[in-house]
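Reading through the structure tokens given below for one structure.
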Amino acid sequence: METLILLAALIFLGLTALAILRLRDGVTAVMLAGIYSLLSAGVFVLMDAVDVALTEAAVGAGISTVLLLATLHRTSRMTHRPTHTPLIPLIVVMVTGAALVYGTLDMPAYGDPQAPVHQHVGPDYLREGPNTTGVPNVVTAVLASYRGYDTLGEATVVLTAAVGVLALLRGRRQGKERS
Amino acid sequence: MDAQVILRVTARLLVPAIWLFALYVQFHGDFGPGGGFQAGVLFAVGFILYALVEGLAAAETLIPAPVSEAMMALGVLIYACVGFTGMAMGGNFLDYNVLAHDPHHGQHLGILLVELGVGITVAGVMIQIFSAFARESP
Amino acid sequence: MTLPGLFPYWVVIVLMMIGFYMVIAHGNLVLKIIGLNIFQTSVFLLYISMGKVNGGTAPIIASGFSRPTAIPCPMC
């Protein structure tokens with residue numbers, strides 16, 4: 001039963017992405033991108049990654065939609081029909097896709113407990129995480145304690161991105177007022 | 001006018017619930033799904049809902065612009081201070097074991113403070129970016 | 001019934017290629033950013049589908065749950 005739901009969710013994900021590809025209207029594309037993020041959050045829950053699902057639902061389906069709509073409000077909403085069919089990007093995409101599919105033929109099957117990813121560091125975190133840190137949620141323990149330095153870097157990156165965006169938006173307004 | 005009344009009443013009922021849920025997700029990140037990033041985004045979403053319904057000026061009486069600007073940097077400052085406190089107490093940078101009388105309690109305290117810092121930064125950033133978009137009209 | 005072994009990876013590759021095509025072929029910048037969003041979500045999907053265990057549960061160790069759990073961080 002769970003596999004049927006997962007199969008249906010993955011197929012809907014692909015169909016939504018295909019629908020976004022064919023659009024020229026910006027607002028419809030943003031709405032469909034919100035639906036895409038929410039569906040992918042559901043797929044993450046079905047694959048037992050609940051923290052990532054919460055973050056994806058909050059950021060992708062919430063904040064991204066609002067900010068993209070605000071951007072569309074200040075720029076143009078529709079795209080023009082392209083004058084020539086983009087043949088070279090299509091060929092590049094097909095070749096890359098074929099190469100990636102050839103690369104996945106070596107991967108272990110989905111859900112295999114004997115896969116190499118479950119043999120090295122993962123079981124150590126699961127075994128020792130709650131004992132060493134006293135925190136039952138292993139994802140938070142890894143994020144904040146075992147890899148705390150990386151999370152400091154992530155917080156700094158978020159701050160830097162905000163500084164960049166604000167410098168762009170406020171500088172333009174001051175420029176407009178001065179001229 | 002009728003549609004606006006429905007929207008306003010619903011938003012006023014929802015915004016405290018969203019903020020309460022954001023606080024829950026922040027402080028229960030140890031025991032269930034959650035943590036700093038999700039809580040910061042949820043907090044900002046509550047603010048954005050209020051600003052969409054009542055206008056940016058009314059929302060800025062709740063959280064003024066200088067406060068959210070300070071929040072952006074305050075979170076990273078808290079995070080780095082936790083690291084330097086670990087160094088001052090004899091351990092390495094970002095070592096949580098020396099923060100309290102017991103390594104277990106030290107880890108708990110360290111993780112709590114660090115996630116709080118991340119949550120404050122993310123909330124401040126989202127509120128500031130939304131206000132920057134919403135403030136000026138083309 | 002379990003999923004055929006490599007189906008989630010192929011869905012990931014299809015999504016990745018759709019996002020890639022949107023980035024390089026569309027003219028509008030906002031549509032390029034949405035394509036980048038699709039690409040990013042497909043990369044998350046790849047990591048998480050690698051970490052899933054059949055019959056497992058979320059990586060939250062609480063008393064009363066003793067099933068094997070999914071890997072909290074496949075790329076660490």
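The chains in the structure tokens are called A, B, ... from first to last as shown; in each chain the residues are counted from 1, and the ligands are counted from 1 in the order shown.
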
With a cut-off of 12 Å, could you pull out the residues of chain B touching chain C and give me the nearest pair of atoms for each, distance in Å to one decimal, using only C-alpha atoms, ordered by chain and ascending number, as CSV?
```
residue,atom,partner,partner_atom,distance
B:Gly29,CA,C:Ile60,CA,10.6
B:Asp30,CA,C:Ile60,CA,9.2
B:Phe31,CA,C:Ile60,CA,7.5
B:Gly32,CA,C:Ile60,CA,6.9
B:Pro33,CA,C:Ile60,CA,8.2
B:Gly34,CA,C:Ile60,CA,11.3
```

Where does segment 6-66 of chain C meet segment 59-73 of chain A within 12 Å, residue by residue, with the nearest atom pair and distance in Å to one decimal for each, counting only C-alpha atoms, listed by chain and rising number, as a tab-separated table?
```
residue	atom	partner	partner_atom	distance
C:Asn28	CA	A:Leu72	CA	10.5
C:Leu29	CA	A:Leu72	CA	10.0
C:Val30	CA	A:Leu72	CA	7.4
C:Leu31	CA	A:Leu68	CA	9.8
C:Lys32	CA	A:Leu68	CA	11.6
C:Ile33	CA	A:Leu68	CA	9.0
C:Ile34	CA	A:Leu68	CA	8.7
C:Asn37	CA	A:Gly60	CA	8.4
C:Ile38	CA	A:Gly60	CA	10.2
C:Gln40	CA	A:Gly60	CA	10.5
C:Thr41	CA	A:Gly60	CA	9.1
```

Please, could you write that set of residues out with C-alpha atoms as a compact mmCIF listing (two decimals), in the first residue's frame?
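Listed below is the output, out-v4.txt:
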```txt
# COMPACT_ATOMS: atom_id res chain seq x y z
CA ASN C 28 12.72 34.65 -18.42
CA LEU C 29 14.89 34.85 -15.29
CA VAL C 30 12.07 33.93 -12.89
CA LEU C 31 11.37 30.73 -14.85
CA LYS C 32 15.08 29.94 -14.69
CA ILE C 33 14.95 30.25 -10.92
CA ILE C 34 11.93 27.96 -10.75
CA ASN C 37 14.20 25.01 -7.57
CA ILE C 38 13.08 21.83 -9.36
CA GLN C 40 17.43 21.39 -6.05
CA THR C 41 14.45 19.34 -4.88
```

Next item on the list: Would you give me, as a PyMOL selection string, the residues of chain A that come within 9 Å of chain B, using only C-alpha atoms?
Entry: chain A and resi 50-52+54-56+58-59+62-63+66-67+70-71+73-75+131-141+144-145+148-149+151-152+154-156+158-159+161-163+165-166+169-170+173

Residues of chain A that approach chain C to 8 Å or less, counting only C-alpha atoms: could you list each one with the shortest pair of atoms and its distance in Å to one decimal, rows by chain and increasing residue number, as JSON lines?
```
{"residue": "A:Thr3", "atom": "CA", "partner": "C:Thr2", "partner_atom": "CA", "distance": 6.4}
{"residue": "A:Leu7", "atom": "CA", "partner": "C:Leu3", "partner_atom": "CA", "distance": 7.9}
{"residue": "A:Leu10", "atom": "CA", "partner": "C:Val11", "partner_atom": "CA", "distance": 7.0}
{"residue": "A:Ile11", "atom": "CA", "partner": "C:Val11", "partner_atom": "CA", "distance": 7.9}
{"residue": "A:Gly14", "atom": "CA", "partner": "C:Leu15", "partner_atom": "CA", "distance": 6.4}
{"residue": "A:Ala17", "atom": "CA", "partner": "C:Leu15", "partner_atom": "CA", "distance": 6.8}
{"residue": "A:Leu18", "atom": "CA", "partner": "C:Ile18", "partner_atom": "CA", "distance": 7.1}
{"residue": "A:Leu21", "atom": "CA", "partner": "C:Met22", "partner_atom": "CA", "distance": 6.6}
{"residue": "A:Gly26", "atom": "CA", "partner": "C:Leu31", "partner_atom": "CA", "distance": 7.0}
{"residue": "A:Ala29", "atom": "CA", "partner": "C:Leu31", "partner_atom": "CA", "distance": 7.5}
{"residue": "A:Val30", "atom": "CA", "partner": "C:Ile34", "partner_atom": "CA", "distance": 7.4}
{"residue": "A:Ala33", "atom": "CA", "partner": "C:Ile34", "partner_atom": "CA", "distance": 6.9}
{"residue": "A:Ser37", "atom": "CA", "partner": "C:Thr41", "partner_atom": "CA", "distance": 7.6}
{"residue": "A:Ser40", "atom": "CA", "partner": "C:Thr41", "partner_atom": "CA", "distance": 7.4}
{"residue": "A:Phe44", "atom": "CA", "partner": "C:Leu45", "partner_atom": "CA", "distance": 7.3}
{"residue": "A:Met47", "atom": "CA", "partner": "C:Lys52", "partner_atom": "CA", "distance": 6.0}
{"residue": "A:Asp48", "atom": "CA", "partner": "C:Ala58", "partner_atom": "CA", "distance": 4.8}
{"residue": "A:Ala49", "atom": "CA", "partner": "C:Ala58", "partner_atom": "CA", "distance": 6.2}
{"residue": "A:Val50", "atom": "CA", "partner": "C:Ala58", "partner_atom": "CA", "distance": 6.8}
{"residue": "A:Leu68", "atom": "CA", "partner": "C:Val30", "partner_atom": "CA", "distance": 7.5}
{"residue": "A:Thr71", "atom": "CA", "partner": "C:Val30", "partner_atom": "CA", "distance": 7.9}
{"residue": "A:Leu72", "atom": "CA", "partner": "C:Val30", "partner_atom": "CA", "distance": 7.4}
{"residue": "A:Thr79", "atom": "CA", "partner": "C:Asn28", "partner_atom": "CA", "distance": 6.0}
{"residue": "A:Pro86", "atom": "CA", "partner": "C:Ala25", "partner_atom": "CA", "distance": 6.6}
{"residue": "A:Pro89", "atom": "CA", "partner": "C:Ala25", "partner_atom": "CA", "distance": 6.2}
{"residue": "A:Leu90", "atom": "CA", "partner": "C:Tyr21", "partner_atom": "CA", "distance": 7.1}
{"residue": "A:Val93", "atom": "CA", "partner": "C:Met17", "partner_atom": "CA", "distance": 6.1}
{"residue": "A:Met94", "atom": "CA", "partner": "C:Met17", "partner_atom": "CA", "distance": 7.9}
{"residue": "A:Thr96", "atom": "CA", "partner": "C:Met17", "partner_atom": "CA", "distance": 7.8}
{"residue": "A:Gly97", "atom": "CA", "partner": "C:Met17", "partner_atom": "CA", "distance": 6.3}
{"residue": "A:Leu100", "atom": "CA", "partner": "C:Ile13", "partner_atom": "CA", "distance": 7.0}
{"residue": "A:Val101", "atom": "CA", "partner": "C:Trp10", "partner_atom": "CA", "distance": 6.8}
{"residue": "A:Thr104", "atom": "CA", "partner": "C:Tyr9", "partner_atom": "CA", "distance": 7.2}
{"residue": "A:Leu105", "atom": "CA", "partner": "C:Leu6", "partner_atom": "CA", "distance": 7.8}
{"residue": "A:Met107", "atom": "CA", "partner": "C:Leu6", "partner_atom": "CA", "distance": 7.9}
{"residue": "A:Pro108", "atom": "CA", "partner": "C:Gly5", "partner_atom": "CA", "distance": 7.7}
{"residue": "A:Ala109", "atom": "CA", "partner": "C:Gly5", "partner_atom": "CA", "distance": 4.3}
{"residue": "A:Tyr110", "atom": "CA", "partner": "C:Gly5", "partner_atom": "CA", "distance": 5.1}
{"residue": "A:Gly111", "atom": "CA", "partner": "C:Val53", "partner_atom": "CA", "distance": 4.3}
{"residue": "A:Asp112", "atom": "CA", "partner": "C:Val53", "partner_atom": "CA", "distance": 6.0}
{"residue": "A:Pro113", "atom": "CA", "partner": "C:Val53", "partner_atom": "CA", "distance": 5.5}
{"residue": "A:Val117", "atom": "CA", "partner": "C:Pro74", "partner_atom": "CA", "distance": 6.5}
{"residue": "A:His118", "atom": "CA", "partner": "C:Ile71", "partner_atom": "CA", "distance": 7.0}
{"residue": "A:Val121", "atom": "CA", "partner": "C:Cys76", "partner_atom": "CA", "distance": 7.5}
{"residue": "A:Gly122", "atom": "CA", "partner": "C:Ile71", "partner_atom": "CA", "distance": 5.7}
{"residue": "A:Pro123", "atom": "CA", "partner": "C:Ile71", "partner_atom": "CA", "distance": 7.6}
{"residue": "A:Leu126", "atom": "CA", "partner": "C:Pro59", "partner_atom": "CA", "distance": 7.5}
{"residue": "A:Pro130", "atom": "CA", "partner": "C:Ile61", "partner_atom": "CA", "distance": 7.1}
{"residue": "A:Pro136", "atom": "CA", "partner": "C:Ile61", "partner_atom": "CA", "distance": 5.0}
{"residue": "A:Asn137", "atom": "CA", "partner": "C:Ile60", "partner_atom": "CA", "distance": 4.4}
{"residue": "A:Val138", "atom": "CA", "partner": "C:Ile60", "partner_atom": "CA", "distance": 5.8}
{"residue": "A:Val139", "atom": "CA", "partner": "C:Pro72", "partner_atom": "CA", "distance": 5.3}
{"residue": "A:Val142", "atom": "CA", "partner": "C:Pro72", "partner_atom": "CA", "distance": 7.8}
```

Check: If you run DSSP on this backbone, which residues of segment 108-161 of chain A come out as alpha helix (DSSP H), and could you give them as a ChimeraX atom specification?
Finding: /A:121-133,138-141,148-161

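Reported to one decimal place, the separation of atom CA of Arg24 of chain A from atom CA of His84 of chain A is 15.2 Å.
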